[in-house]
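Text of the file coords-v1.cif, holding mmCIF, C-alpha atoms and all ligand atoms:
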data_model
loop_
_atom_site.label_atom_id
_atom_site.label_comp_id
_atom_site.auth_asym_id
_atom_site.auth_seq_id
_atom_site.Cartn_x
_atom_site.Cartn_y
_atom_site.Cartn_z
CA MET I 1 10.16 12.70 -35.55
CA LYS I 2 6.99 10.60 -35.75
CA ILE I 3 4.41 11.49 -33.17
CA SER I 4 1.06 10.35 -31.77
CA VAL I 5 -1.07 13.09 -30.21
CA LEU I 6 -3.44 11.73 -27.54
CA GLY I 7 -6.18 14.24 -26.77
CA ALA I 8 -5.58 16.14 -30.03
CA THR I 9 -8.95 17.91 -29.89
CA GLY I 10 -8.32 19.48 -26.47
CA SER I 11 -6.58 22.68 -25.49
CA ILE I 12 -3.09 21.11 -25.27
CA GLY I 13 -3.72 18.96 -28.34
CA VAL I 14 -4.65 21.96 -30.48
CA SER I 15 -1.60 23.92 -29.26
CA THR I 16 0.61 20.89 -30.01
CA LEU I 17 -0.65 20.71 -33.60
CA ASP I 18 -0.11 24.46 -33.95
CA VAL I 19 3.59 24.00 -33.08
CA ILE I 20 3.92 20.87 -35.24
CA ALA I 21 2.40 22.69 -38.24
CA ARG I 22 5.20 25.27 -38.04
CA HIS I 23 7.81 22.53 -38.61
CA PRO I 24 6.58 20.16 -41.32
CA ASP I 25 10.17 19.13 -42.06
CA ARG I 26 10.69 18.01 -38.47
CA PHE I 27 7.48 16.28 -37.32
CA GLU I 28 5.16 13.73 -38.83
CA VAL I 29 1.81 12.96 -37.18
CA VAL I 30 1.11 9.21 -37.08
CA ALA I 31 -1.99 9.19 -34.88
CA LEU I 32 -4.55 11.66 -33.53
CA THR I 33 -7.11 10.90 -30.84
CA GLY I 34 -10.23 12.70 -29.66
CA HIS I 35 -13.13 11.54 -27.56
CA SER I 36 -16.33 13.13 -28.81
CA ARG I 37 -15.47 16.27 -30.80
CA VAL I 38 -15.50 14.37 -34.06
CA GLU I 39 -15.76 17.39 -36.40
CA ILE I 40 -12.60 18.94 -34.98
CA LEU I 41 -10.79 15.62 -35.25
CA ALA I 42 -11.93 15.25 -38.87
CA ASP I 43 -10.49 18.69 -39.70
CA GLN I 44 -7.22 17.75 -38.00
CA CYS I 45 -7.08 14.47 -39.96
CA ARG I 46 -7.55 16.34 -43.23
CA ARG I 47 -4.70 18.66 -42.31
CA PHE I 48 -2.18 16.23 -40.82
CA ARG I 49 -3.10 13.01 -42.66
CA PRO I 50 -2.34 10.60 -39.78
CA ALA I 51 -2.26 6.83 -40.35
CA TYR I 52 -4.67 6.39 -37.41
CA ALA I 53 -7.45 8.35 -35.72
CA VAL I 54 -8.99 7.14 -32.48
CA VAL I 55 -12.37 8.17 -31.03
CA GLY I 56 -14.40 7.16 -27.97
CA GLY I 57 -16.87 4.62 -29.34
CA PRO I 58 -18.41 2.98 -32.44
CA ASP I 59 -20.88 5.84 -33.07
CA GLU I 60 -18.10 8.43 -33.12
CA ALA I 61 -16.03 6.13 -35.33
CA ARG I 62 -18.87 5.91 -37.86
CA ARG I 63 -19.33 9.68 -37.82
CA LEU I 64 -15.62 10.27 -38.29
CA SER I 65 -15.39 7.78 -41.17
CA ASP I 66 -18.32 9.56 -42.85
CA LEU I 67 -16.60 12.92 -42.48
CA LEU I 68 -13.28 11.77 -43.92
CA THR I 69 -13.15 12.02 -47.66
CA ALA I 70 -12.69 8.95 -49.80
CA GLY I 71 -9.10 8.33 -50.71
CA MET I 72 -7.81 9.30 -47.26
CA ALA I 73 -5.63 6.61 -45.77
CA THR I 74 -6.52 7.35 -42.13
CA GLU I 75 -7.68 4.20 -40.34
CA VAL I 76 -10.42 4.96 -37.78
CA LEU I 77 -10.27 3.07 -34.47
CA TYR I 78 -12.13 3.46 -31.18
CA GLY I 79 -11.94 2.68 -27.48
CA PRO I 80 -9.31 2.48 -24.72
CA GLU I 81 -7.39 -0.43 -26.31
CA ALA I 82 -6.90 1.56 -29.51
CA LEU I 83 -5.50 4.49 -27.48
CA CYS I 84 -2.86 2.17 -26.00
CA GLN I 85 -2.15 0.77 -29.45
CA VAL I 86 -1.42 4.14 -31.09
CA ALA I 87 0.63 5.18 -28.03
CA SER I 88 3.00 2.27 -28.53
CA LEU I 89 3.27 1.79 -32.33
CA PRO I 90 6.78 0.61 -33.22
CA ASP I 91 7.44 3.46 -35.67
CA VAL I 92 6.29 6.20 -33.28
CA ASP I 93 9.09 8.17 -31.59
CA ALA I 94 7.12 10.54 -29.38
CA VAL I 95 3.72 10.57 -27.71
CA MET I 96 1.94 13.72 -26.55
CA ALA I 97 -0.08 12.57 -23.52
CA ALA I 98 -2.83 15.22 -23.42
CA ILE I 99 -5.96 13.29 -22.46
CA VAL I 100 -7.58 14.79 -19.36
CA GLY I 101 -8.03 12.74 -16.20
CA ALA I 102 -7.72 9.08 -15.26
CA ALA I 103 -8.69 7.98 -18.80
CA GLY I 104 -5.22 9.10 -19.88
CA LEU I 105 -3.33 6.73 -17.60
CA PRO I 106 -3.42 3.48 -19.65
CA PRO I 107 -2.23 4.99 -22.96
CA THR I 108 0.35 7.23 -21.25
CA LEU I 109 1.71 4.21 -19.42
CA ALA I 110 1.69 2.22 -22.68
CA ALA I 111 3.89 4.91 -24.25
CA ALA I 112 6.30 4.77 -21.29
CA LYS I 113 6.43 0.96 -21.42
CA ALA I 114 7.26 1.16 -25.12
CA GLY I 115 10.21 3.43 -24.29
CA LYS I 116 8.90 6.46 -26.18
CA ARG I 117 9.67 10.13 -25.72
CA VAL I 118 6.66 10.89 -23.51
CA LEU I 119 5.49 14.50 -23.49
CA LEU I 120 3.46 14.50 -20.30
CA ALA I 121 0.55 16.93 -20.00
CA ASN I 122 -1.80 14.39 -18.35
CA LYS I 123 -0.71 15.11 -14.76
CA GLU I 124 -3.51 12.93 -13.36
CA ALA I 125 -1.65 9.84 -14.65
CA LEU I 126 1.34 10.64 -12.47
CA VAL I 127 -0.78 11.66 -9.48
CA MET I 128 -2.64 8.33 -9.57
CA ALA I 129 0.18 5.99 -10.37
CA GLY I 130 3.43 7.84 -9.70
CA ALA I 131 5.50 4.92 -8.38
CA VAL I 132 4.31 2.41 -10.99
CA PHE I 133 4.65 4.96 -13.78
CA MET I 134 8.18 6.11 -12.89
CA ALA I 135 9.32 2.48 -12.48
CA GLU I 136 8.15 1.77 -16.06
CA VAL I 137 9.83 4.91 -17.38
CA HIS I 138 13.16 3.82 -15.89
CA ARG I 139 12.78 0.16 -16.85
CA ALA I 140 11.93 0.94 -20.49
CA GLY I 141 14.35 3.85 -20.83
CA ALA I 142 11.58 6.22 -21.86
CA LEU I 143 12.37 9.94 -22.06
CA LEU I 144 9.83 11.73 -19.87
CA LEU I 145 9.54 15.44 -20.66
CA PRO I 146 7.06 17.57 -18.69
CA ILE I 147 4.56 19.74 -20.57
CA ASP I 148 2.92 21.26 -17.50
CA SER I 149 4.42 24.76 -17.64
CA GLU I 150 5.70 24.67 -14.03
CA HIS I 151 7.40 21.29 -14.39
CA ASN I 152 8.78 22.20 -17.76
CA ALA I 153 10.23 25.34 -16.13
CA ILE I 154 11.78 23.26 -13.33
CA PHE I 155 13.20 20.83 -15.88
CA GLN I 156 14.72 23.76 -17.75
CA SER I 157 16.14 25.18 -14.50
CA MET I 158 17.89 21.95 -13.49
CA PRO I 159 20.93 20.57 -15.29
CA HIS I 160 19.61 17.62 -17.27
CA ASP I 161 21.69 14.98 -15.49
CA PHE I 162 20.49 16.28 -12.13
CA ALA I 163 16.78 16.09 -12.90
CA GLY I 164 15.40 13.36 -10.67
CA ASN I 165 18.34 13.59 -8.27
CA MET I 166 17.87 16.69 -6.16
CA ALA I 167 20.56 15.86 -3.59
CA ARG I 168 23.31 15.50 -6.20
CA GLY I 169 22.14 18.67 -7.90
CA GLY I 170 22.42 20.70 -4.69
CA VAL I 171 18.75 21.65 -4.86
CA ARG I 172 17.29 23.12 -1.69
CA ARG I 173 13.70 23.72 -2.78
CA ILE I 174 11.43 23.68 -5.75
CA LEU I 175 9.29 26.83 -5.91
CA LEU I 176 6.12 26.07 -7.81
CA THR I 177 4.36 29.22 -9.02
CA ALA I 178 0.58 29.54 -9.18
CA SER I 179 -1.52 32.32 -10.69
CA GLY I 180 -4.06 32.02 -7.88
CA GLY I 181 -6.83 31.48 -10.43
CA PRO I 182 -9.97 33.54 -11.02
CA PHE I 183 -10.87 33.72 -7.29
CA ARG I 184 -7.50 34.82 -5.87
CA ASN I 185 -9.07 37.92 -4.32
CA THR I 186 -12.62 36.65 -3.88
CA PRO I 187 -13.73 36.85 -0.22
CA ALA I 188 -14.55 33.51 1.45
CA ASP I 189 -18.30 34.20 1.76
CA GLN I 190 -18.60 34.93 -1.97
CA LEU I 191 -16.89 31.65 -2.93
CA ARG I 192 -20.04 29.87 -1.74
CA THR I 193 -22.04 31.03 -4.76
CA VAL I 194 -19.54 31.18 -7.63
CA THR I 195 -20.75 29.53 -10.85
CA PRO I 196 -19.03 27.12 -13.27
CA ALA I 197 -18.85 29.92 -15.86
CA GLN I 198 -16.94 32.13 -13.39
CA ALA I 199 -14.68 29.25 -12.37
CA VAL I 200 -13.59 28.35 -15.91
CA ALA I 201 -12.76 31.98 -16.81
CA HIS I 202 -9.05 31.89 -15.98
CA PRO I 203 -7.29 35.28 -15.92
CA ASN I 204 -4.04 34.20 -17.69
CA TRP I 205 -4.42 30.78 -19.31
CA SER I 206 -6.95 29.37 -21.75
CA MET I 207 -7.44 25.70 -20.84
CA GLY I 208 -9.92 22.79 -20.77
CA ARG I 209 -12.83 22.97 -18.34
CA LYS I 210 -11.59 20.43 -15.80
CA ILE I 211 -8.15 21.98 -15.30
CA SER I 212 -9.75 25.44 -15.23
CA VAL I 213 -11.91 24.41 -12.26
CA ASP I 214 -8.83 22.77 -10.69
CA SER I 215 -7.06 26.13 -11.03
CA ALA I 216 -9.98 27.92 -9.38
CA THR I 217 -9.94 25.55 -6.35
CA MET I 218 -6.10 25.42 -6.44
CA MET I 219 -6.33 21.63 -6.65
CA ASN I 220 -4.41 22.06 -9.89
CA LYS I 221 -1.44 23.27 -7.84
CA GLY I 222 -1.97 20.42 -5.40
CA LEU I 223 -1.86 17.88 -8.25
CA GLU I 224 1.25 19.67 -9.51
CA VAL I 225 2.98 19.33 -6.13
CA ILE I 226 2.44 15.56 -6.38
CA GLU I 227 3.54 15.63 -10.04
CA ALA I 228 6.76 17.45 -9.05
CA HIS I 229 7.38 14.91 -6.31
CA TRP I 230 7.47 12.07 -8.84
CA LEU I 231 9.18 13.87 -11.71
CA PHE I 232 12.02 15.33 -9.64
CA ASN I 233 12.17 12.87 -6.73
CA ALA I 234 11.37 15.77 -4.39
CA PRO I 235 10.00 15.25 -0.87
CA ALA I 236 6.82 17.16 0.04
CA ASP I 237 8.59 19.55 2.42
CA ARG I 238 10.95 20.68 -0.35
CA ILE I 239 8.18 21.78 -2.71
CA GLU I 240 6.76 25.20 -1.93
CA VAL I 241 3.88 26.96 -3.67
CA VAL I 242 4.17 30.68 -4.43
CA ILE I 243 1.29 32.75 -5.77
CA HIS I 244 2.54 34.82 -8.70
CA PRO I 245 -0.45 36.54 -10.35
CA GLN I 246 1.29 37.57 -13.59
CA SER I 247 2.12 33.95 -14.64
CA VAL I 248 5.39 35.09 -16.18
CA ILE I 249 7.77 33.09 -13.98
CA HIS I 250 6.68 29.49 -14.57
CA SER I 251 8.58 28.07 -11.56
CA LEU I 252 11.96 28.29 -9.83
CA VAL I 253 14.67 26.05 -8.41
CA ASP I 254 16.45 27.20 -5.24
CA TYR I 255 20.00 25.80 -4.86
CA ASN I 256 22.09 25.32 -1.70
CA ASP I 257 24.47 28.12 -2.64
CA GLY I 258 21.65 30.67 -2.75
CA SER I 259 21.23 30.67 -6.52
CA VAL I 260 17.66 30.62 -7.71
CA LEU I 261 17.07 29.66 -11.36
CA ALA I 262 13.78 30.28 -13.09
CA GLN I 263 12.18 30.04 -16.50
CA LEU I 264 10.11 32.99 -17.72
CA GLY I 265 7.88 33.56 -20.70
CA ASN I 266 4.44 34.63 -21.83
CA PRO I 267 1.72 32.33 -20.49
CA ASP I 268 1.24 30.25 -23.63
CA MET I 269 1.49 26.45 -23.54
CA ARG I 270 3.14 26.38 -26.97
CA THR I 271 6.43 27.30 -25.22
CA PRO I 272 6.70 24.16 -23.04
CA ILE I 273 5.22 22.09 -25.89
CA ALA I 274 7.85 23.31 -28.36
CA HIS I 275 10.56 22.83 -25.73
CA ALA I 276 9.62 19.19 -25.13
CA LEU I 277 8.99 18.43 -28.81
CA ALA I 278 12.43 19.65 -29.89
CA TRP I 279 14.50 19.02 -26.74
CA PRO I 280 17.48 19.42 -26.60
CA ASP I 281 17.06 21.78 -29.56
CA ARG I 282 15.04 25.01 -29.52
CA ILE I 283 12.43 25.74 -32.18
CA ASP I 284 9.99 28.53 -32.95
CA SER I 285 6.71 28.05 -31.05
CA GLY I 286 4.76 31.01 -32.40
CA VAL I 287 4.81 32.63 -28.95
CA ALA I 288 5.52 36.37 -28.90
CA PRO I 289 8.75 37.49 -27.19
CA LEU I 290 8.33 38.40 -23.52
CA ASP I 291 7.97 42.18 -23.14
CA LEU I 292 9.28 42.92 -19.63
CA PHE I 293 8.43 46.61 -19.99
CA ALA I 294 4.80 45.70 -20.61
CA VAL I 295 4.85 43.23 -17.68
CA GLY I 296 6.29 45.93 -15.41
CA GLN I 297 6.01 44.08 -12.10
CA LEU I 298 6.34 40.56 -10.79
CA ASN I 299 4.45 39.94 -7.51
CA PHE I 300 4.47 37.09 -5.04
CA GLU I 301 2.06 36.05 -2.27
CA ARG I 302 1.61 33.18 0.14
CA PRO I 303 -1.27 30.81 -0.74
CA ASP I 304 -4.35 31.11 1.51
CA SER I 305 -5.16 27.60 2.70
CA THR I 306 -8.34 28.71 4.45
CA ARG I 307 -10.04 29.84 1.25
CA PHE I 308 -8.31 27.15 -0.85
CA PRO I 309 -8.21 23.96 1.26
CA CYS I 310 -7.54 21.73 -1.79
CA LEU I 311 -3.84 22.56 -1.71
CA ASP I 312 -3.46 21.16 1.83
CA LEU I 313 -5.53 18.11 0.90
CA ALA I 314 -3.01 17.34 -1.85
CA TYR I 315 -0.04 17.74 0.52
CA ARG I 316 -1.87 15.48 2.98
CA ALA I 317 -2.36 12.82 0.28
CA LEU I 318 1.27 13.05 -0.83
CA ARG I 319 2.54 12.62 2.74
CA ALA I 320 0.13 9.73 3.36
CA GLU I 321 1.67 7.83 0.39
CA GLY I 322 0.07 4.57 -0.83
CA ASN I 323 -3.38 4.95 -2.39
CA ALA I 324 -4.10 8.46 -1.03
CA ALA I 325 -3.13 10.45 -4.16
CA ALA I 326 -5.16 8.12 -6.41
CA VAL I 327 -8.13 8.58 -4.04
CA LEU I 328 -7.63 12.36 -4.04
CA ASN I 329 -7.55 12.44 -7.84
CA ALA I 330 -10.64 10.28 -8.32
CA ALA I 331 -12.67 12.22 -5.74
CA ASN I 332 -11.60 15.48 -7.36
CA GLU I 333 -12.62 14.30 -10.85
CA LEU I 334 -16.07 13.34 -9.57
CA ALA I 335 -16.52 16.52 -7.54
CA VAL I 336 -15.42 18.78 -10.41
CA GLU I 337 -17.83 17.04 -12.77
CA ALA I 338 -20.64 17.53 -10.23
CA PHE I 339 -19.73 21.21 -9.86
CA LEU I 340 -19.67 21.74 -13.64
CA GLU I 341 -23.12 20.12 -13.85
CA GLU I 342 -24.33 22.38 -11.01
CA ARG I 343 -24.97 19.45 -8.67
CA LEU I 344 -22.37 20.63 -6.12
CA PRO I 345 -21.45 24.14 -4.91
CA PHE I 346 -17.87 25.33 -5.41
CA LEU I 347 -16.88 24.91 -1.74
CA GLY I 348 -18.36 21.41 -1.80
CA ILE I 349 -15.50 20.21 -4.03
CA ALA I 350 -12.94 20.28 -1.20
CA GLU I 351 -15.47 18.84 1.27
CA VAL I 352 -16.24 15.84 -0.95
CA ILE I 353 -12.52 15.17 -1.44
CA ALA I 354 -11.77 15.45 2.30
CA GLU I 355 -14.63 13.11 3.22
CA THR I 356 -13.55 10.59 0.58
CA LEU I 357 -9.95 10.66 1.85
CA ASP I 358 -11.30 10.06 5.38
CA GLN I 359 -13.47 7.13 4.33
CA VAL I 360 -11.28 5.12 1.94
CA PRO I 361 -8.93 2.91 3.98
CA GLN I 362 -5.19 3.40 3.46
CA ALA I 363 -3.54 0.80 1.23
CA GLY I 364 -0.34 0.34 -0.73
CA LEU I 365 -0.21 0.70 -4.52
CA PRO I 366 2.17 -2.05 -5.63
CA ASP I 367 0.90 -2.35 -9.20
CA LEU I 368 -1.50 -0.97 -11.80
CA ASP I 369 -4.39 -3.20 -10.67
CA ALA I 370 -4.09 -1.67 -7.21
CA VAL I 371 -4.13 1.82 -8.77
CA PHE I 372 -7.36 1.10 -10.62
CA ASP I 373 -8.85 -0.54 -7.51
CA ALA I 374 -8.11 2.62 -5.51
CA ASP I 375 -9.60 4.74 -8.32
CA ARG I 376 -12.80 2.63 -8.40
CA GLN I 377 -13.12 2.54 -4.63
CA ALA I 378 -12.67 6.31 -4.35
CA ARG I 379 -15.24 6.99 -7.10
CA SER I 380 -17.75 4.76 -5.35
CA VAL I 381 -17.19 6.46 -1.96
CA ALA I 382 -17.18 9.96 -3.48
CA GLY I 383 -20.42 9.11 -5.33
CA LYS I 384 -22.05 8.16 -2.02
CA VAL I 385 -20.73 11.31 -0.34
CA LEU I 386 -22.24 13.38 -3.18
CA ALA I 387 -25.57 11.55 -2.94
CA SER I 388 -25.80 11.95 0.85
CA ARG I 389 -25.12 15.71 0.53
CA ARG I 390 -28.05 16.07 -1.86
CA GLN I 391 -30.40 14.38 0.61
CA ARG I 392 -29.45 16.72 3.43
P1 LIG M 401 -9.29 19.44 -22.70
O1 LIG M 401 -10.53 19.12 -21.94
O2 LIG M 401 -9.24 20.68 -23.51
O3 LIG M 401 -8.95 18.21 -23.67
C1 LIG M 401 -8.97 16.89 -23.22
C2 LIG M 401 -8.69 15.91 -24.35
O4 LIG M 401 -8.86 14.59 -23.82
C3 LIG M 401 -9.64 16.03 -25.52
O5 LIG M 401 -8.94 15.75 -26.71
C4 LIG M 401 -10.66 14.93 -25.27
O6 LIG M 401 -11.23 14.42 -26.47
C5 LIG M 401 -9.81 13.88 -24.59
N1 LIG M 401 -10.59 13.03 -23.68
C6 LIG M 401 -11.41 13.44 -22.69
N2 LIG M 401 -11.96 12.36 -22.07
C7 LIG M 401 -11.45 11.28 -22.67
C8 LIG M 401 -11.64 9.88 -22.49
N3 LIG M 401 -12.45 9.37 -21.53
N4 LIG M 401 -10.96 9.02 -23.30
C9 LIG M 401 -10.15 9.49 -24.25
N5 LIG M 401 -9.93 10.82 -24.47
C10 LIG M 401 -10.58 11.68 -23.70
O7 LIG M 401 -8.10 19.40 -21.62
P2 LIG M 401 -6.70 20.17 -21.67
O8 LIG M 401 -6.84 21.48 -21.01
O9 LIG M 401 -6.10 20.09 -23.04
O10 LIG M 401 -5.85 19.27 -20.65
C11 LIG M 401 -5.33 18.00 -21.03
C12 LIG M 401 -4.37 17.52 -19.95
O11 LIG M 401 -3.26 18.43 -19.90
C13 LIG M 401 -4.96 17.54 -18.53
O12 LIG M 401 -4.45 16.45 -17.82
C14 LIG M 401 -4.48 18.84 -17.94
O13 LIG M 401 -4.36 18.78 -16.54
C15 LIG M 401 -3.12 18.97 -18.61
N6 LIG M 401 -2.63 20.36 -18.70
C16 LIG M 401 -3.32 21.27 -19.44
C17 LIG M 401 -2.87 22.58 -19.54
C18 LIG M 401 -3.60 23.59 -20.38
O14 LIG M 401 -3.12 24.71 -20.51
N7 LIG M 401 -4.73 23.28 -20.98
C19 LIG M 401 -1.71 22.96 -18.87
C20 LIG M 401 -1.03 22.00 -18.13
C21 LIG M 401 -1.49 20.70 -18.06
MG MG M 402 0.50 23.90 -14.70
#
Can you give me the file's structure in the form of C-alpha cells?
Ligand code: NAD
Ligand code: MG
Amino acid sequence: MKISVLGATGSIGVSTLDVIARHPDRFEVVALTGHSRVEILADQCRRFRPAYAVVGGPDEARRLSDLLTAGMATEVLYGPEALCQVASLPDVDAVMAAIVGAAGLPPTLAAAKAGKRVLLANKEALVMAGAVFMAEVHRAGALLLPIDSEHNAIFQSMPHDFAGNMARGGVRRILLTASGGPFRNTPADQLRTVTPAQAVAHPNWSMGRKISVDSATMMNKGLEVIEAHWLFNAPADRIEVVIHPQSVIHSLVDYNDGSVLAQLGNPDMRTPIAHALAWPDRIDSGVAPLDLFAVGQLNFERPDSTRFPCLDLAYRALRAEGNAAAVLNAANELAVEAFLEERLPFLGIAEVIAETLDQVPQAGLPDLDAVFDADRQARSVAGKVLASRRQR
C-alpha cells in the first residue's frame, strides 16, 4: 500500500511511521509532510525515501533540501497547495491525515475527493466541515477510517456495514470515554492559575500540545462528540461522555438488546493506527499486550460540566448546526494558542469560545467557501474578544 503521511513530524505522524517501519513489505511511503521541524523531517526522509516531502514555506524548503544528501530522489515542495497535491497523487492508496487544526482541512478533503483510504486523525477537519466532508467521502467512494482512539473503538464495535447507520444497526447510544485529563480532580478555584506546562502533561497519553490542552479543558471530548456525530450519523442526544480515568476502554456501543460492545487496549495510538492501516487485516503495532491484572480496576464517572464548560459548548454547537461547530473550532484554536503563549488564563479558554459563539451570527454551511468564511469570521471575533479582555 502506497501512503502519504500528512503531519509526519507530529505525535501521530511519528507513531504512524513507527508502525509502517515494522511492515516494509506492506507499506511504501510516497510523501511526508511537516511544517517547521525540518530536521526531524529530514531524518524521516532519509529513512523512508519518499518521492515527495512538503514543508511550510520556501525557507524551510531550502533548509530541508540542504539537509538531504545528494543522490536522494525526494522532491521538496512547500505550502498548502503542495499538501493537497501529495494527498491526491494518483498512485497513492492511503493518506494519513495528521495535521493539527484547520490547516489540515484542505489536504484531508483533497484525499477524500480523490477517493483515497483516509486515515483521519485531524478531527478539526470534520468538526469544521462535517456535512461537506462526508458528502465528498460518499460521492468519491473514499474509505474513511477513524484514527482517534475513541472513534476507532466505536468503528471496531459496530459491524462494518452498520457504521454510519445507527438505526439499522440497532444502536441505542454511543458511549465516548474520556480520561478526564490532567485536571480531573483539580478543584475549581485552582483551575484559575494552572500553567501551560501543567495542562500539556497528560496522565495517560503523550500527544501534541494543542490536543493536550484540549484534553485538559475537555474540549477534546467536545470535538470528539461532533466527530462521532458525523462519522456514525449519530444525533447529539445519543452520544454520551463517560469519564474513565484508566484509558483502557477506548469507547463503547450500547445496543437495543442490552449488549454493550467495547474495544480495550493499552493507551497507545499505534493500535488504532495499525488497525486503520491494515483494515480489515490485523498487524503487529508494537503495542504491549494489555495486562488486566496490572490494570486491576476500571472506573467510571460523570463529567463535571461546571469545572469543564467546554464539553457543553461543543454540544451546544452541534445542536445549533450550521456554522456553529466551525466557529467553536476556530475560537478554540485561537484561545488555546493564547493560553499556550500565556496571554489567556486557563478558564479564559471557555469564556472566549462562549463569547465568540454568542457574537457570530448563525448561518448555514452549504459549501467549503462558507466553511472558510465561518472560520475567518470566528477568528476575527475571537481575536477581538481576546484583545478586549486584555484591556480590562
Ligand atoms: P502535533 O502537534 O504533534 O503534530 C502536528 C503536525 O501537523 C506536525 O507534523 C506539524 O508539522 C503539522 N502542522 C502543524 N501546523 C501545520 C500547518 N499550518 N500546515 C501544515 N502542517 C502543519 O499534533 P498531534 O498530536 O500529532 O495531532 C495531530 C492531529 O491528530 C490533531 O488533529 C489531533 O487532534 C489528532 N489526534 C491526535 C492524537 C494524539 O494522540 N496525538 C489522538 C487523537 C487525535
Ligand atoms: Mg481521542
*Within 12 Å of Gly348 in chain I, counting only C-alpha atoms, which residues qualify if same-chain residues fewer than 5 places away don't, as a list in words?*
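Final neighbour list, sorted by chain and number: Leu191, Arg192, Thr193, Val194, Thr217, Phe308, Pro309, Cys310, Ala331, Asn332, Leu334, Ala335, Val336, Glu337, Ala338, Phe339, Leu340, Glu342, Arg343, Ile353, Ala354, Glu355, Ala382, Val385, Leu386, Arg389 and Arg390 of chain I.
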*Could you check which of I:Val242, I:Ala98, I:Val253, I:Val54 is closest to ligand LIG 401 (chain M), using only C-alpha atoms and all ligand atoms?*
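That would be I:Ala98, the residue with the smallest distance to ligand LIG 401 (chain M).
Across the model, the gap from CA of Met96 in chain I to CA of Gly71 in chain I is 27.1 Å.
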Centre, edges in Å (one decimal): axis-aligned box, ligand LIG 401 (chain M), 6 Å padding on all six sides, as AutoDock Vina command-line options:
--center_x -6.7 --center_y 16.9 --center_z -21.6 --size_x 23.4 --size_y 27.7 --size_z 22.2
*May I ask which of the residues I:Ala167, I:Val55, I:Val381, I:Ala129 is the closest one to ligand LIG 401 (chain M), counting all atoms listed in the file?*
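Nearest to ligand LIG 401 (chain M): I:Val55.
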Mind running chain I against ligand LIG 401 (chain M) at 6 Å and telling me each contacting residue's nearest atom pair with the distance in Å (one decimal), counting only C-alpha atoms and all ligand atoms, chain and number ascending, as CSV?
residue,atom,partner,partner_atom,distance
I:Gly7,CA,M:LIG401,O5,3.1
I:Ala8,CA,M:LIG401,O5,4.7
I:Thr9,CA,M:LIG401,O5,3.8
I:Gly10,CA,M:LIG401,O3,3.1
I:Ser11,CA,M:LIG401,O9,3.6
I:Ile12,CA,M:LIG401,O9,3.9
I:Gly13,CA,M:LIG401,O9,5.9
I:Gly34,CA,M:LIG401,O6,3.8
I:His35,CA,M:LIG401,O6,3.6
I:Ser36,CA,M:LIG401,O6,5.8
I:Ala98,CA,M:LIG401,C11,4.4
I:Ile99,CA,M:LIG401,O4,3.5
I:Val100,CA,M:LIG401,O12,3.9
I:Gly101,CA,M:LIG401,O12,5.4
I:Ala103,CA,M:LIG401,N3,4.9
I:Ala121,CA,M:LIG401,O11,4.1
I:Asn122,CA,M:LIG401,O12,3.4
I:Lys123,CA,M:LIG401,O12,5.0
I:Glu124,CA,M:LIG401,O12,5.8
I:Asp148,CA,M:LIG401,C20,4.1
I:Met207,CA,M:LIG401,N7,3.6
I:Gly208,CA,M:LIG401,O8,3.4
I:Arg209,CA,M:LIG401,O1,5.8
I:Ile211,CA,M:LIG401,O13,5.1
I:Met269,CA,M:LIG401,O14,5.8
Just C-alpha atoms for this one: save the residues we selected as an mmCIF file, in the frame of the given file.
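This went into part.cif:
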data_model
loop_
_atom_site.group_PDB
_atom_site.id
_atom_site.type_symbol
_atom_site.label_atom_id
_atom_site.label_comp_id
_atom_site.auth_asym_id
_atom_site.auth_seq_id
_atom_site.Cartn_x
_atom_site.Cartn_y
_atom_site.Cartn_z
ATOM 1 C CA GLY I 7 -6.180 14.240 -26.770
ATOM 2 C CA ALA I 8 -5.580 16.140 -30.030
ATOM 3 C CA THR I 9 -8.950 17.910 -29.890
ATOM 4 C CA GLY I 10 -8.320 19.480 -26.470
ATOM 5 C CA SER I 11 -6.580 22.680 -25.490
ATOM 6 C CA ILE I 12 -3.090 21.110 -25.270
ATOM 7 C CA GLY I 13 -3.720 18.960 -28.340
ATOM 8 C CA GLY I 34 -10.230 12.700 -29.660
ATOM 9 C CA HIS I 35 -13.130 11.540 -27.560
ATOM 10 C CA SER I 36 -16.330 13.130 -28.810
ATOM 11 C CA ALA I 98 -2.830 15.220 -23.420
ATOM 12 C CA ILE I 99 -5.960 13.290 -22.460
ATOM 13 C CA VAL I 100 -7.580 14.790 -19.360
ATOM 14 C CA GLY I 101 -8.030 12.740 -16.200
ATOM 15 C CA ALA I 103 -8.690 7.980 -18.800
ATOM 16 C CA ALA I 121 0.550 16.930 -20.000
ATOM 17 C CA ASN I 122 -1.800 14.390 -18.350
ATOM 18 C CA LYS I 123 -0.710 15.110 -14.760
ATOM 19 C CA GLU I 124 -3.510 12.930 -13.360
ATOM 20 C CA ASP I 148 2.920 21.260 -17.500
ATOM 21 C CA MET I 207 -7.440 25.700 -20.840
ATOM 22 C CA GLY I 208 -9.920 22.790 -20.770
ATOM 23 C CA ARG I 209 -12.830 22.970 -18.340
ATOM 24 C CA ILE I 211 -8.150 21.980 -15.300
ATOM 25 C CA MET I 269 1.490 26.450 -23.540
#
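The residue that comes closest to Glu321 in chain I, out of I:Arg37, I:Arg376, I:His229, I:Arg392 and on the basis of only C-alpha atoms, is I:His229.
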*Around ligand MG 402 (chain M), at most 12 Å away and counting all atoms listed in the file, which residues are there? Put them as a ChimeraX atom specification, please.*
/I:12,120-124,146-154,176-181,204-207,211-212,214-215,218-228,241,247,249-251,267-269,272
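Here CA of Thr356 in chain I and CA of His202 in chain I stand 27.4 Å from one another.
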_Distance in Å - CA of Pro90 in chain I versus CA of Gly115 in chain I_ =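 Spanning CA of Pro90 in chain I to CA of Gly115 in chain I is a straight-line distance of 10.0 Å.
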*Skipping near chain neighbours, those fewer than 6 positions away, what residues fall within 10 Å of Leu277 in chain I using all atoms listed in the file, listed as a VMD selection string?*
chain I and resid 1 3 16 19 to 20 26 to 27 94 to 96 117 to 119 145 147 271 283
*asked:* Which residues are near Tyr315 in chain I? Cut-off 7 Å, only C-alpha atoms, ignore same chain within fewer than 4 positions. Put them as JSON, numbers by chain.
replied: {"I": [222, 236, 311, 319]}
Could you write out that same residue set with C-alpha atoms as an mmCIF file, in the frame of the given file?
data_model
loop_
_atom_site.group_PDB
_atom_site.id
_atom_site.type_symbol
_atom_site.label_atom_id
_atom_site.label_comp_id
_atom_site.auth_asym_id
_atom_site.auth_seq_id
_atom_site.Cartn_x
_atom_site.Cartn_y
_atom_site.Cartn_z
ATOM 1 C CA GLY I 222 -1.970 20.420 -5.400
ATOM 2 C CA ALA I 236 6.820 17.160 0.040
ATOM 3 C CA LEU I 311 -3.840 22.560 -1.710
ATOM 4 C CA ARG I 319 2.540 12.620 2.740
#
